[in-house]
Amino acid sequence: MFFYTFKINHNFNETIKTEILSYKKNWKKDLNSVKALSSGFFPDYIFFDILKKQISDKLFNLTKIKYKSSVWWANYYDIGHHAEIHSHQPEDISSIVFIKTDESNPLYFDFEPGVLNVEEEDGLVLLFDSKIKHKVRPCKNERISLAIDFVKDI
């Protein structure tokens with residue numbers, strides 16, 4: 001099972017946060033399992049291009065396997081927003097980038113049996129097997145996350 005974390009640059013994280021707060025007024029709610037405002041799949045934001053490259057390079061350094069991004073989106077959670085339990089299959093590797101965290105740490109992974117509660121931190125990137133189920137409990141504060149999924153680049 002693959003699970004890895006790293007952090008993005010603080011100033012880059014703050015830039016993304018500012019951009020998302022200006023974009024979210026045009027977003028819709030209820031993208032698949034996510035019951036929050038979402039950019040929809042494949043938004044054309046420059047910060048995603050930078051992150052996709054950073055993460056695919058990190059994956060190659062860790063695994064010696066080339067990965068390419070397959071789908072990406074941004075989520076804005078307000079109080080009460082959540083995500084139902086889900087996985088990102090059939091993708092191979094998934095990532096969550098925390099841009100603005102909710103101190104209640106609503107994200108957890110379900111390892112059946114047992115759960116891993118995530119201590120969220122602004123700028124933290126989680127990389128994990130796409131088959132791992134996860135959920136976001138109802139948020140108690142504003143929360144912003146990005147998701148980028150990857151497949152092997154054959």
# chains A, B, ... in the order shown; residues from 1 in each chain; ligands from 1
call {"tool": "residues_around", "arguments": {"residues": "segment 60-63 of chain A", "least_positions_apart": "3", "cutoff": "12 Å", "atoms": "only C-alpha atoms", "output": "ChimeraX atom specification"}}
result
/A:2-6,53-57,66-68,93,127,150-153
call {"tool": "write_last_selection", "arguments": {"atoms": "N, CA and C atoms", "output": "compact mmCIF listing (two decimals), in the first residue's frame"}}
result
# COMPACT_ATOMS: atom_id res chain seq x y z
N PHE A 2 0.54 2.20 -0.84
CA PHE A 2 1.34 3.41 -0.99
C PHE A 2 0.67 4.56 -0.24
N PHE A 3 1.46 5.26 0.58
CA PHE A 3 0.98 6.43 1.31
C PHE A 3 2.19 7.30 1.59
N TYR A 4 2.16 8.58 1.17
CA TYR A 4 3.30 9.46 1.32
C TYR A 4 2.80 10.90 1.48
N THR A 5 3.56 11.73 2.21
CA THR A 5 3.18 13.13 2.39
C THR A 5 4.39 14.03 2.13
N PHE A 6 4.10 15.26 1.69
CA PHE A 6 5.10 16.32 1.60
C PHE A 6 4.34 17.65 1.62
N LYS A 53 2.87 18.64 -12.30
CA LYS A 53 4.28 18.38 -12.59
C LYS A 53 5.06 18.04 -11.32
N GLN A 54 4.86 18.84 -10.26
CA GLN A 54 5.56 18.57 -8.99
C GLN A 54 5.25 17.17 -8.47
N ILE A 55 3.97 16.82 -8.49
CA ILE A 55 3.57 15.53 -7.93
C ILE A 55 4.02 14.37 -8.81
N SER A 56 3.90 14.50 -10.12
CA SER A 56 4.36 13.40 -10.98
C SER A 56 5.88 13.21 -10.85
N ASP A 57 6.63 14.32 -10.71
CA ASP A 57 8.08 14.19 -10.48
C ASP A 57 8.36 13.50 -9.14
N LYS A 66 6.75 6.20 -14.14
CA LYS A 66 6.20 7.46 -14.64
C LYS A 66 4.68 7.45 -14.50
N TYR A 67 4.17 8.54 -13.93
CA TYR A 67 2.73 8.74 -13.78
C TYR A 67 2.32 10.01 -14.48
N LYS A 68 1.10 10.01 -15.00
CA LYS A 68 0.54 11.23 -15.60
C LYS A 68 -0.81 11.51 -14.93
N ILE A 93 -2.86 6.31 -8.40
CA ILE A 93 -2.43 7.10 -7.26
C ILE A 93 -3.29 8.36 -7.19
N LEU A 127 -0.31 11.63 -0.80
CA LEU A 127 -0.31 10.73 -1.95
C LEU A 127 -0.68 9.35 -1.44
N PHE A 150 -3.73 10.15 -10.63
CA PHE A 150 -2.69 9.78 -11.58
C PHE A 150 -2.84 8.33 -12.02
N VAL A 151 -2.42 8.09 -13.25
CA VAL A 151 -2.33 6.73 -13.79
C VAL A 151 -0.91 6.52 -14.31
N LYS A 152 -0.52 5.27 -14.44
CA LYS A 152 0.81 4.97 -14.99
C LYS A 152 0.88 5.48 -16.41
N ASP A 153 1.99 6.10 -16.75
CA ASP A 153 2.22 6.66 -18.08
C ASP A 153 2.93 5.62 -18.92
call {"tool": "residues_around", "arguments": {"residues": "His10 of chain A", "least_positions_apart": "4", "cutoff": "9 Å", "atoms": "only C-alpha atoms", "output": "list in words"}}
result
Glu14, Thr15, Asp122 and Gly123 of chain A
call {"tool": "closest_residue", "arguments": {"among": "A:Ser70, A:Gln89, A:Ser33, A:Ser38", "to": "Lys135 of chain A", "atoms": "only C-alpha atoms"}}
result
A:Ser33
call {"tool": "residues_around", "arguments": {"residues": "Lys35 of chain A", "least_positions_apart": "3", "cutoff": "9 Å", "atoms": "only C-alpha atoms", "output": "compact mmCIF listing (two decimals) with N, CA, C and O atoms, in the first residue's frame"}}
result
# COMPACT_ATOMS: atom_id res chain seq x y z
N LYS A 29 -22.38 22.78 -6.61
CA LYS A 29 -22.28 21.82 -5.51
C LYS A 29 -22.58 20.42 -6.02
O LYS A 29 -23.25 20.24 -7.03
N ASP A 30 -22.07 19.44 -5.26
CA ASP A 30 -22.39 18.01 -5.47
C ASP A 30 -21.72 17.39 -6.70
O ASP A 30 -22.38 16.90 -7.60
N LEU A 31 -20.41 17.39 -6.72
CA LEU A 31 -19.64 16.68 -7.72
C LEU A 31 -19.43 15.26 -7.20
O LEU A 31 -18.65 15.04 -6.27
N ASN A 32 -20.14 14.30 -7.77
CA ASN A 32 -20.07 12.90 -7.33
C ASN A 32 -20.24 12.78 -5.82
O ASN A 32 -21.27 13.15 -5.29
N SER A 38 -17.55 22.78 -6.03
CA SER A 38 -16.46 22.17 -6.77
C SER A 38 -16.23 22.90 -8.08
O SER A 38 -17.17 23.39 -8.71
N TYR A 77 -15.28 23.77 0.82
CA TYR A 77 -16.23 23.31 1.82
C TYR A 77 -16.60 24.47 2.73
O TYR A 77 -15.72 25.15 3.25
N HIS A 81 -20.62 21.21 4.90
CA HIS A 81 -20.28 20.48 3.69
C HIS A 81 -19.43 19.26 4.04
O HIS A 81 -18.72 19.27 5.05
N HIS A 82 -19.49 18.23 3.20
CA HIS A 82 -18.80 16.99 3.49
C HIS A 82 -18.56 16.20 2.20
O HIS A 82 -18.99 16.64 1.12
N ALA A 83 -17.93 15.06 2.31
CA ALA A 83 -17.80 14.12 1.19
C ALA A 83 -18.13 12.73 1.72
O ALA A 83 -17.68 12.34 2.80
N GLU A 84 -18.93 12.01 0.95
CA GLU A 84 -19.29 10.65 1.31
C GLU A 84 -18.08 9.73 1.14
O GLU A 84 -17.13 10.05 0.44
call {"tool": "select_by_dssp", "arguments": {"residues": "segment 1-150 of chain A", "states": "helix (DSSP H, G or I)", "output": "MDAnalysis selection string"}}
result
chainID A and resid 10:26 46:63
call {"tool": "residues_around", "arguments": {"residues": "Leu37 of chain A", "least_positions_apart": "6", "cutoff": "12 Å", "atoms": "only C-alpha atoms", "output": "JSON list (two decimals) with all heavy atoms, in the first residue's frame"}}
result
[["chain", "number", "residue", "atom", "x", "y", "z"],
["A", 20, "ILE", "N", -8.64, 30.55, -5.51],
["A", 20, "ILE", "CA", -9.84, 29.74, -5.32],
["A", 20, "ILE", "C", -10.96, 30.57, -4.69],
["A", 20, "ILE", "O", -12.12, 30.46, -5.09],
["A", 20, "ILE", "CB", -9.53, 28.48, -4.49],
["A", 20, "ILE", "CG1", -8.75, 27.51, -5.37],
["A", 20, "ILE", "CG2", -10.82, 27.83, -3.96],
["A", 20, "ILE", "CD1", -8.31, 26.25, -4.70],
["A", 21, "LEU", "N", -10.64, 31.40, -3.74],
["A", 21, "LEU", "CA", -11.68, 32.23, -3.11],
["A", 21, "LEU", "C", -12.32, 33.17, -4.12],
["A", 21, "LEU", "O", -13.50, 33.52, -3.98],
["A", 21, "LEU", "CB", -11.10, 32.99, -1.92],
["A", 21, "LEU", "CG", -10.76, 32.11, -0.71],
["A", 21, "LEU", "CD1", -10.01, 32.91, 0.36],
["A", 21, "LEU", "CD2", -12.00, 31.45, -0.13],
["A", 23, "TYR", "N", -12.57, 32.31, -7.48],
["A", 23, "TYR", "CA", -13.23, 31.47, -8.48],
["A", 23, "TYR", "C", -14.51, 30.82, -7.97],
["A", 23, "TYR", "O", -15.42, 30.56, -8.74],
["A", 23, "TYR", "CB", -12.32, 30.31, -8.91],
["A", 23, "TYR", "CG", -11.03, 30.67, -9.60],
["A", 23, "TYR", "CD1", -9.92, 29.85, -9.46],
["A", 23, "TYR", "CD2", -10.92, 31.79, -10.40],
["A", 23, "TYR", "CE1", -8.72, 30.14, -10.08],
["A", 23, "TYR", "CE2", -9.72, 32.09, -11.03],
["A", 23, "TYR", "CZ", -8.62, 31.27, -10.87],
["A", 23, "TYR", "OH", -7.45, 31.55, -11.49],
["A", 24, "LYS", "N", -14.60, 30.54, -6.67],
["A", 24, "LYS", "CA", -15.65, 29.67, -6.14],
["A", 24, "LYS", "C", -17.06, 30.19, -6.37],
["A", 24, "LYS", "O", -18.01, 29.42, -6.37],
["A", 24, "LYS", "CB", -15.42, 29.39, -4.66],
["A", 24, "LYS", "CG", -15.73, 30.55, -3.73],
["A", 24, "LYS", "CD", -15.55, 30.17, -2.29],
["A", 24, "LYS", "CE", -15.81, 31.32, -1.37],
["A", 24, "LYS", "NZ", -17.21, 31.66, -1.21],
["A", 25, "LYS", "N", -17.21, 31.48, -6.60],
["A", 25, "LYS", "CA", -18.55, 32.04, -6.82],
["A", 25, "LYS", "C", -19.22, 31.45, -8.06],
["A", 25, "LYS", "O", -20.43, 31.47, -8.19],
["A", 25, "LYS", "CB", -18.51, 33.56, -6.89],
["A", 25, "LYS", "CG", -17.73, 34.11, -8.06],
["A", 25, "LYS", "CD", -17.68, 35.64, -8.03],
["A", 25, "LYS", "CE", -16.82, 36.19, -9.13],
["A", 25, "LYS", "NZ", -15.41, 36.06, -8.94],
["A", 26, "ASN", "N", -18.43, 30.88, -8.96],
["A", 26, "ASN", "CA", -18.96, 30.28, -10.19],
["A", 26, "ASN", "C", -19.08, 28.76, -10.12],
["A", 26, "ASN", "O", -19.46, 28.13, -11.09],
["A", 26, "ASN", "CB", -18.06, 30.65, -11.38],
["A", 26, "ASN", "CG", -18.00, 32.14, -11.60],
["A", 26, "ASN", "OD1", -19.01, 32.81, -11.55],
["A", 26, "ASN", "ND2", -16.80, 32.66, -11.82],
["A", 27, "TRP", "N", -18.74, 28.18, -8.99],
["A", 27, "TRP", "CA", -18.74, 26.73, -8.86],
["A", 27, "TRP", "C", -20.12, 26.21, -8.48],
["A", 27, "TRP", "O", -20.96, 26.93, -7.97],
["A", 27, "TRP", "CB", -17.73, 26.30, -7.81],
["A", 27, "TRP", "CG", -16.30, 26.55, -8.19],
["A", 27, "TRP", "CD1", -15.82, 27.10, -9.34],
["A", 27, "TRP", "CD2", -15.17, 26.25, -7.40],
["A", 27, "TRP", "NE1", -14.45, 27.16, -9.31],
["A", 27, "TRP", "CE2", -14.02, 26.64, -8.12],
["A", 27, "TRP", "CE3", -14.99, 25.68, -6.14],
["A", 27, "TRP", "CZ2", -12.74, 26.48, -7.65],
["A", 27, "TRP", "CZ3", -13.71, 25.53, -5.65],
["A", 27, "TRP", "CH2", -12.59, 25.91, -6.41],
["A", 28, "LYS", "N", -20.31, 24.91, -8.70],
["A", 28, "LYS", "CA", -21.55, 24.23, -8.35],
["A", 28, "LYS", "C", -21.29, 23.23, -7.22],
["A", 28, "LYS", "O", -20.16, 22.87, -6.95],
["A", 28, "LYS", "CB", -22.10, 23.51, -9.57],
["A", 28, "LYS", "CG", -22.51, 24.48, -10.68],
["A", 28, "LYS", "CD", -23.16, 23.75, -11.82],
["A", 28, "LYS", "CE", -23.68, 24.62, -12.93],
["A", 28, "LYS", "NZ", -23.24, 25.93, -13.10],
["A", 29, "LYS", "N", -22.38, 22.78, -6.61],
["A", 29, "LYS", "CA", -22.28, 21.82, -5.51],
["A", 29, "LYS", "C", -22.58, 20.42, -6.02],
["A", 29, "LYS", "O", -23.25, 20.24, -7.03],
["A", 29, "LYS", "CB", -23.29, 22.22, -4.42],
["A", 29, "LYS", "CG", -23.07, 21.51, -3.11],
["A", 29, "LYS", "CD", -23.99, 22.06, -2.04],
["A", 29, "LYS", "CE", -23.77, 21.27, -0.76],
["A", 29, "LYS", "NZ", -24.74, 21.62, 0.25],
["A", 30, "ASP", "N", -22.07, 19.44, -5.26],
["A", 30, "ASP", "CA", -22.39, 18.01, -5.47],
["A", 30, "ASP", "C", -21.72, 17.39, -6.70],
["A", 30, "ASP", "O", -22.38, 16.90, -7.60],
["A", 30, "ASP", "CB", -23.90, 17.79, -5.52],
["A", 30, "ASP", "CG", -24.57, 18.12, -4.20],
["A", 30, "ASP", "OD1", -23.86, 18.23, -3.18],
["A", 30, "ASP", "OD2", -25.79, 18.29, -4.19],
["A", 31, "LEU", "N", -20.41, 17.39, -6.72],
["A", 31, "LEU", "CA", -19.64, 16.68, -7.72],
["A", 31, "LEU", "C", -19.43, 15.26, -7.20],
["A", 31, "LEU", "O", -18.65, 15.04, -6.27],
["A", 31, "LEU", "CB", -18.29, 17.37, -7.93],
["A", 31, "LEU", "CG", -17.29, 16.68, -8.85],
["A", 31, "LEU", "CD1", -17.78, 16.72, -10.29],
["A", 31, "LEU", "CD2", -15.93, 17.35, -8.74],
["A", 73, "TRP", "N", -9.44, 18.44, -9.74],
["A", 73, "TRP", "CA", -10.52, 19.38, -9.39],
["A", 73, "TRP", "C", -10.21, 20.03, -8.05],
["A", 73, "TRP", "O", -9.32, 19.60, -7.33],
["A", 73, "TRP", "CB", -11.88, 18.67, -9.36],
["A", 73, "TRP", "CG", -12.02, 17.64, -8.28],
["A", 73, "TRP", "CD1", -12.61, 17.79, -7.06],
["A", 73, "TRP", "CD2", -11.58, 16.27, -8.33],
["A", 73, "TRP", "NE1", -12.56, 16.61, -6.34],
["A", 73, "TRP", "CE2", -11.92, 15.66, -7.10],
["A", 73, "TRP", "CE3", -10.91, 15.50, -9.28],
["A", 73, "TRP", "CZ2", -11.63, 14.34, -6.81],
["A", 73, "TRP", "CZ3", -10.62, 14.19, -8.98],
["A", 73, "TRP", "CH2", -10.99, 13.62, -7.76],
["A", 74, "ALA", "N", -10.95, 21.09, -7.75],
["A", 74, "ALA", "CA", -10.80, 21.80, -6.48],
["A", 74, "ALA", "C", -12.14, 21.77, -5.75],
["A", 74, "ALA", "O", -13.21, 21.74, -6.37],
["A", 74, "ALA", "CB", -10.38, 23.25, -6.73],
["A", 75, "ASN", "N", -12.07, 21.76, -4.41],
["A", 75, "ASN", "CA", -13.27, 21.74, -3.56],
["A", 75, "ASN", "C", -13.22, 22.89, -2.56],
["A", 75, "ASN", "O", -12.17, 23.13, -1.96],
["A", 75, "ASN", "CB", -13.36, 20.44, -2.77],
["A", 75, "ASN", "CG", -13.43, 19.22, -3.66],
["A", 75, "ASN", "OD1", -14.22, 19.16, -4.59],
["A", 75, "ASN", "ND2", -12.58, 18.25, -3.39],
["A", 76, "TYR", "N", -14.36, 23.53, -2.40],
["A", 76, "TYR", "CA", -14.51, 24.55, -1.35],
["A", 76, "TYR", "C", -15.63, 24.06, -0.43],
["A", 76, "TYR", "O", -16.78, 23.93, -0.84],
["A", 76, "TYR", "CB", -14.88, 25.91, -1.93],
["A", 76, "TYR", "CG", -15.22, 26.91, -0.87],
["A", 76, "TYR", "CD1", -14.21, 27.64, -0.23],
["A", 76, "TYR", "CD2", -16.53, 27.10, -0.46],
["A", 76, "TYR", "CE1", -14.52, 28.53, 0.78],
["A", 76, "TYR", "CE2", -16.84, 28.01, 0.55],
["A", 76, "TYR", "CZ", -15.82, 28.71, 1.16],
["A", 76, "TYR", "OH", -16.13, 29.59, 2.17],
["A", 77, "TYR", "N", -15.28, 23.77, 0.82],
["A", 77, "TYR", "CA", -16.23, 23.31, 1.82],
["A", 77, "TYR", "C", -16.60, 24.47, 2.73],
["A", 77, "TYR", "O", -15.72, 25.15, 3.25],
["A", 77, "TYR", "CB", -15.60, 22.22, 2.70],
["A", 77, "TYR", "CG", -15.28, 20.93, 2.00],
["A", 77, "TYR", "CD1", -14.11, 20.78, 1.27],
["A", 77, "TYR", "CD2", -16.14, 19.83, 2.09],
["A", 77, "TYR", "CE1", -13.79, 19.59, 0.65],
["A", 77, "TYR", "CE2", -15.82, 18.63, 1.47],
["A", 77, "TYR", "CZ", -14.66, 18.51, 0.75],
["A", 77, "TYR", "OH", -14.35, 17.33, 0.14],
["A", 78, "ASP", "N", -17.88, 24.66, 2.93],
["A", 78, "ASP", "CA", -18.37, 25.60, 3.93],
["A", 78, "ASP", "C", -18.87, 24.78, 5.11],
["A", 78, "ASP", "O", -18.87, 23.55, 5.06],
["A", 78, "ASP", "CB", -19.48, 26.48, 3.35],
["A", 78, "ASP", "CG", -19.53, 27.87, 3.98],
["A", 78, "ASP", "OD1", -18.96, 28.05, 5.08],
["A", 78, "ASP", "OD2", -20.13, 28.77, 3.37],
["A", 79, "ILE", "N", -19.32, 25.43, 6.15],
["A", 79, "ILE", "CA", -19.81, 24.73, 7.34],
["A", 79, "ILE", "C", -20.91, 23.74, 6.93],
["A", 79, "ILE", "O", -21.84, 24.09, 6.21],
["A", 79, "ILE", "CB", -20.32, 25.73, 8.39],
["A", 79, "ILE", "CG1", -19.16, 26.61, 8.87],
["A", 79, "ILE", "CG2", -20.98, 25.02, 9.56],
["A", 79, "ILE", "CD1", -19.57, 27.80, 9.70],
["A", 80, "GLY", "N", -20.76, 22.49, 7.37],
["A", 80, "GLY", "CA", -21.73, 21.44, 7.07],
["A", 80, "GLY", "C", -21.44, 20.67, 5.79],
["A", 80, "GLY", "O", -21.99, 19.58, 5.60],
["A", 81, "HIS", "N", -20.62, 21.21, 4.90],
["A", 81, "HIS", "CA", -20.28, 20.48, 3.69],
["A", 81, "HIS", "C", -19.43, 19.26, 4.04],
["A", 81, "HIS", "O", -18.72, 19.27, 5.05],
["A", 81, "HIS", "CB", -19.50, 21.37, 2.72],
["A", 81, "HIS", "CG", -20.33, 22.42, 2.06],
["A", 81, "HIS", "ND1", -19.80, 23.36, 1.20],
["A", 81, "HIS", "CD2", -21.65, 22.70, 2.12],
["A", 81, "HIS", "CE1", -20.75, 24.15, 0.76],
["A", 81, "HIS", "NE2", -21.89, 23.78, 1.31],
["A", 82, "HIS", "N", -19.49, 18.23, 3.20],
["A", 82, "HIS", "CA", -18.80, 16.99, 3.49],
["A", 82, "HIS", "C", -18.56, 16.20, 2.20],
["A", 82, "HIS", "O", -18.99, 16.64, 1.12],
["A", 82, "HIS", "CB", -19.62, 16.13, 4.46],
["A", 82, "HIS", "CG", -20.93, 15.69, 3.88],
["A", 82, "HIS", "ND1", -22.02, 16.53, 3.76],
["A", 82, "HIS", "CD2", -21.30, 14.51, 3.36],
["A", 82, "HIS", "CE1", -23.02, 15.87, 3.20],
["A", 82, "HIS", "NE2", -22.62, 14.64, 2.94],
["A", 83, "ALA", "N", -17.93, 15.06, 2.31],
["A", 83, "ALA", "CA", -17.80, 14.12, 1.19],
["A", 83, "ALA", "C", -18.13, 12.73, 1.72],
["A", 83, "ALA", "O", -17.68, 12.34, 2.80],
["A", 83, "ALA", "CB", -16.39, 14.15, 0.62],
["A", 142, "GLU", "N", -14.61, 26.79, 7.16],
["A", 142, "GLU", "CA", -14.25, 26.83, 5.74],
["A", 142, "GLU", "C", -13.05, 25.92, 5.50],
["A", 142, "GLU", "O", -12.13, 25.86, 6.33],
["A", 142, "GLU", "CB", -13.91, 28.28, 5.40],
["A", 142, "GLU", "CG", -13.51, 28.53, 3.99],
["A", 142, "GLU", "CD", -13.17, 29.99, 3.76],
["A", 142, "GLU", "OE1", -12.16, 30.47, 4.34],
["A", 142, "GLU", "OE2", -13.91, 30.64, 3.01],
["A", 143, "ARG", "N", -13.05, 25.22, 4.36],
["A", 143, "ARG", "CA", -11.97, 24.27, 4.03],
["A", 143, "ARG", "C", -11.81, 24.25, 2.52],
["A", 143, "ARG", "O", -12.80, 24.24, 1.78],
["A", 143, "ARG", "CB", -12.35, 22.89, 4.55],
["A", 143, "ARG", "CG", -11.36, 21.79, 4.27],
["A", 143, "ARG", "CD", -11.90, 20.48, 4.87],
["A", 143, "ARG", "NE", -10.97, 19.39, 4.76],
["A", 143, "ARG", "CZ", -10.96, 18.51, 3.76],
["A", 143, "ARG", "NH1", -11.82, 18.60, 2.77],
["A", 143, "ARG", "NH2", -10.08, 17.53, 3.76],
["A", 144, "ILE", "N", -10.57, 24.24, 2.06],
["A", 144, "ILE", "CA", -10.28, 24.18, 0.63],
["A", 144, "ILE", "C", -9.30, 23.03, 0.38],
["A", 144, "ILE", "O", -8.26, 22.95, 1.05],
["A", 144, "ILE", "CB", -9.67, 25.50, 0.11],
["A", 144, "ILE", "CG1", -10.64, 26.66, 0.32],
["A", 144, "ILE", "CG2", -9.30, 25.37, -1.37],
["A", 144, "ILE", "CD1", -10.02, 28.03, 0.06],
["A", 145, "SER", "N", -9.64, 22.18, -0.57],
["A", 145, "SER", "CA", -8.72, 21.10, -0.94],
["A", 145, "SER", "C", -8.69, 20.94, -2.47],
["A", 145, "SER", "O", -9.64, 21.32, -3.15],
["A", 145, "SER", "CB", -9.13, 19.78, -0.28],
["A", 145, "SER", "OG", -10.38, 19.35, -0.78],
["A", 146, "LEU", "N", -7.61, 20.38, -2.93],
["A", 146, "LEU", "CA", -7.46, 20.04, -4.34],
["A", 146, "LEU", "C", -7.30, 18.53, -4.41],
["A", 146, "LEU", "O", -6.75, 17.91, -3.49],
["A", 146, "LEU", "CB", -6.21, 20.68, -4.94],
["A", 146, "LEU", "CG", -6.02, 22.17, -4.73],
["A", 146, "LEU", "CD1", -4.69, 22.62, -5.34],
["A", 146, "LEU", "CD2", -7.17, 22.95, -5.32]]
call {"tool": "residues_around", "arguments": {"residues": "segment 99-110 of chain A", "least_positions_apart": "4", "cutoff": "7 Å", "atoms": "only C-alpha atoms", "output": "list in words"}}
result
Asn13, Lys17, Gly114, Val115, Leu116, Asn117, Val118, Glu119, Glu120, Glu121, Asp122, Gly123, Ile132, Lys133, His134, Lys135, Val136, Arg137, Pro138, Cys139, Lys140, Asn141, Glu142, Arg143, Ile144 and Ser145 of chain A
call {"tool": "write_last_selection", "arguments": {"atoms": "N, CA, C and O atoms", "output": "compact mmCIF listing (two decimals), in the first residue's frame"}}
result
# COMPACT_ATOMS: atom_id res chain seq x y z
N ASN A 13 0.96 28.14 -1.76
CA ASN A 13 -0.30 27.75 -1.14
C ASN A 13 -1.21 28.97 -0.96
O ASN A 13 -2.41 28.92 -1.26
N LYS A 17 -4.91 29.73 -2.58
CA LYS A 17 -6.06 30.07 -1.72
C LYS A 17 -6.76 31.33 -2.23
O LYS A 17 -7.99 31.35 -2.37
N GLY A 114 -10.32 -0.38 10.88
CA GLY A 114 -9.53 0.74 11.38
C GLY A 114 -9.56 1.93 10.46
O GLY A 114 -9.76 1.80 9.26
N VAL A 115 -9.39 3.11 11.05
CA VAL A 115 -9.38 4.35 10.29
C VAL A 115 -8.13 5.14 10.64
O VAL A 115 -7.55 4.98 11.71
N LEU A 116 -7.74 5.98 9.72
CA LEU A 116 -6.64 6.92 9.93
C LEU A 116 -7.22 8.32 9.85
O LEU A 116 -7.67 8.75 8.77
N ASN A 117 -7.29 9.00 10.97
CA ASN A 117 -7.73 10.39 10.99
C ASN A 117 -6.54 11.25 10.59
O ASN A 117 -5.44 11.08 11.10
N VAL A 118 -6.76 12.16 9.66
CA VAL A 118 -5.68 12.99 9.12
C VAL A 118 -5.63 14.32 9.86
O VAL A 118 -6.65 15.00 9.99
N GLU A 119 -4.45 14.66 10.34
CA GLU A 119 -4.24 15.98 10.92
C GLU A 119 -3.89 16.92 9.77
O GLU A 119 -2.76 16.94 9.27
N GLU A 120 -4.89 17.68 9.33
CA GLU A 120 -4.73 18.53 8.17
C GLU A 120 -3.84 19.73 8.49
O GLU A 120 -3.83 20.23 9.61
N GLU A 121 -3.10 20.15 7.47
CA GLU A 121 -2.21 21.29 7.60
C GLU A 121 -2.15 22.01 6.26
O GLU A 121 -2.02 21.35 5.22
N ASP A 122 -2.26 23.33 6.26
CA ASP A 122 -2.19 24.08 5.01
C ASP A 122 -0.90 23.73 4.27
O ASP A 122 0.18 23.73 4.85
N GLY A 123 -1.04 23.40 2.98
CA GLY A 123 0.11 23.08 2.15
C GLY A 123 0.51 21.61 2.16
O GLY A 123 1.39 21.21 1.40
N ILE A 132 -7.90 3.26 -1.75
CA ILE A 132 -8.20 3.48 -0.33
C ILE A 132 -9.42 4.39 -0.20
O ILE A 132 -9.45 5.49 -0.74
N LYS A 133 -10.41 3.91 0.55
CA LYS A 133 -11.63 4.69 0.76
C LYS A 133 -11.37 5.78 1.79
O LYS A 133 -10.63 5.58 2.75
N HIS A 134 -12.01 6.93 1.56
CA HIS A 134 -11.86 8.05 2.48
C HIS A 134 -13.14 8.87 2.51
O HIS A 134 -14.01 8.72 1.63
N LYS A 135 -13.24 9.71 3.52
CA LYS A 135 -14.46 10.49 3.73
C LYS A 135 -14.08 11.81 4.40
O LYS A 135 -13.10 11.88 5.14
N VAL A 136 -14.89 12.83 4.14
CA VAL A 136 -14.76 14.11 4.83
C VAL A 136 -16.03 14.29 5.66
O VAL A 136 -17.13 14.38 5.11
N ARG A 137 -15.85 14.29 6.98
CA ARG A 137 -16.98 14.53 7.88
C ARG A 137 -17.48 15.96 7.68
O ARG A 137 -16.75 16.81 7.17
N PRO A 138 -18.72 16.27 8.11
CA PRO A 138 -19.22 17.64 7.96
C PRO A 138 -18.23 18.66 8.57
O PRO A 138 -17.78 18.51 9.69
N CYS A 139 -17.91 19.65 7.77
CA CYS A 139 -16.92 20.65 8.18
C CYS A 139 -17.51 21.61 9.21
O CYS A 139 -18.69 21.96 9.16
N LYS A 140 -16.66 22.03 10.11
CA LYS A 140 -17.05 23.01 11.13
C LYS A 140 -16.58 24.41 10.75
O LYS A 140 -16.97 25.39 11.37
N ASN A 141 -15.70 24.49 9.74
CA ASN A 141 -15.16 25.76 9.27
C ASN A 141 -14.93 25.67 7.77
O ASN A 141 -15.00 24.58 7.18
N GLU A 142 -14.61 26.79 7.16
CA GLU A 142 -14.25 26.83 5.74
C GLU A 142 -13.05 25.92 5.50
O GLU A 142 -12.13 25.86 6.33
N ARG A 143 -13.05 25.22 4.36
CA ARG A 143 -11.97 24.27 4.03
C ARG A 143 -11.81 24.25 2.52
O ARG A 143 -12.80 24.24 1.78
N ILE A 144 -10.57 24.24 2.06
CA ILE A 144 -10.28 24.18 0.63
C ILE A 144 -9.30 23.03 0.38
O ILE A 144 -8.26 22.95 1.05
N SER A 145 -9.64 22.18 -0.57
CA SER A 145 -8.72 21.10 -0.94
C SER A 145 -8.69 20.94 -2.47
O SER A 145 -9.64 21.32 -3.15
call {"tool": "select_by_dssp", "arguments": {"residues": "segment 14-139 of chain A", "states": "strand (DSSP E)", "output": "number ranges by chain"}}
result
A: 28-31, 34-38, 67-77, 82-86, 93-100, 107-110, 115-117, 124-129, 133-136
call {"tool": "closest_residue", "arguments": {"among": "A:Phe42, A:Ser69, A:Ala147, A:Leu51", "to": "Ile8 of chain A", "atoms": "only C-alpha atoms"}}
result
A:Leu51
call {"tool": "atom_distance", "arguments": {"atom1": "atom CA of Trp72 of chain A", "atom2": "atom CA of Phe111 of chain A"}}
result
23.7 Å
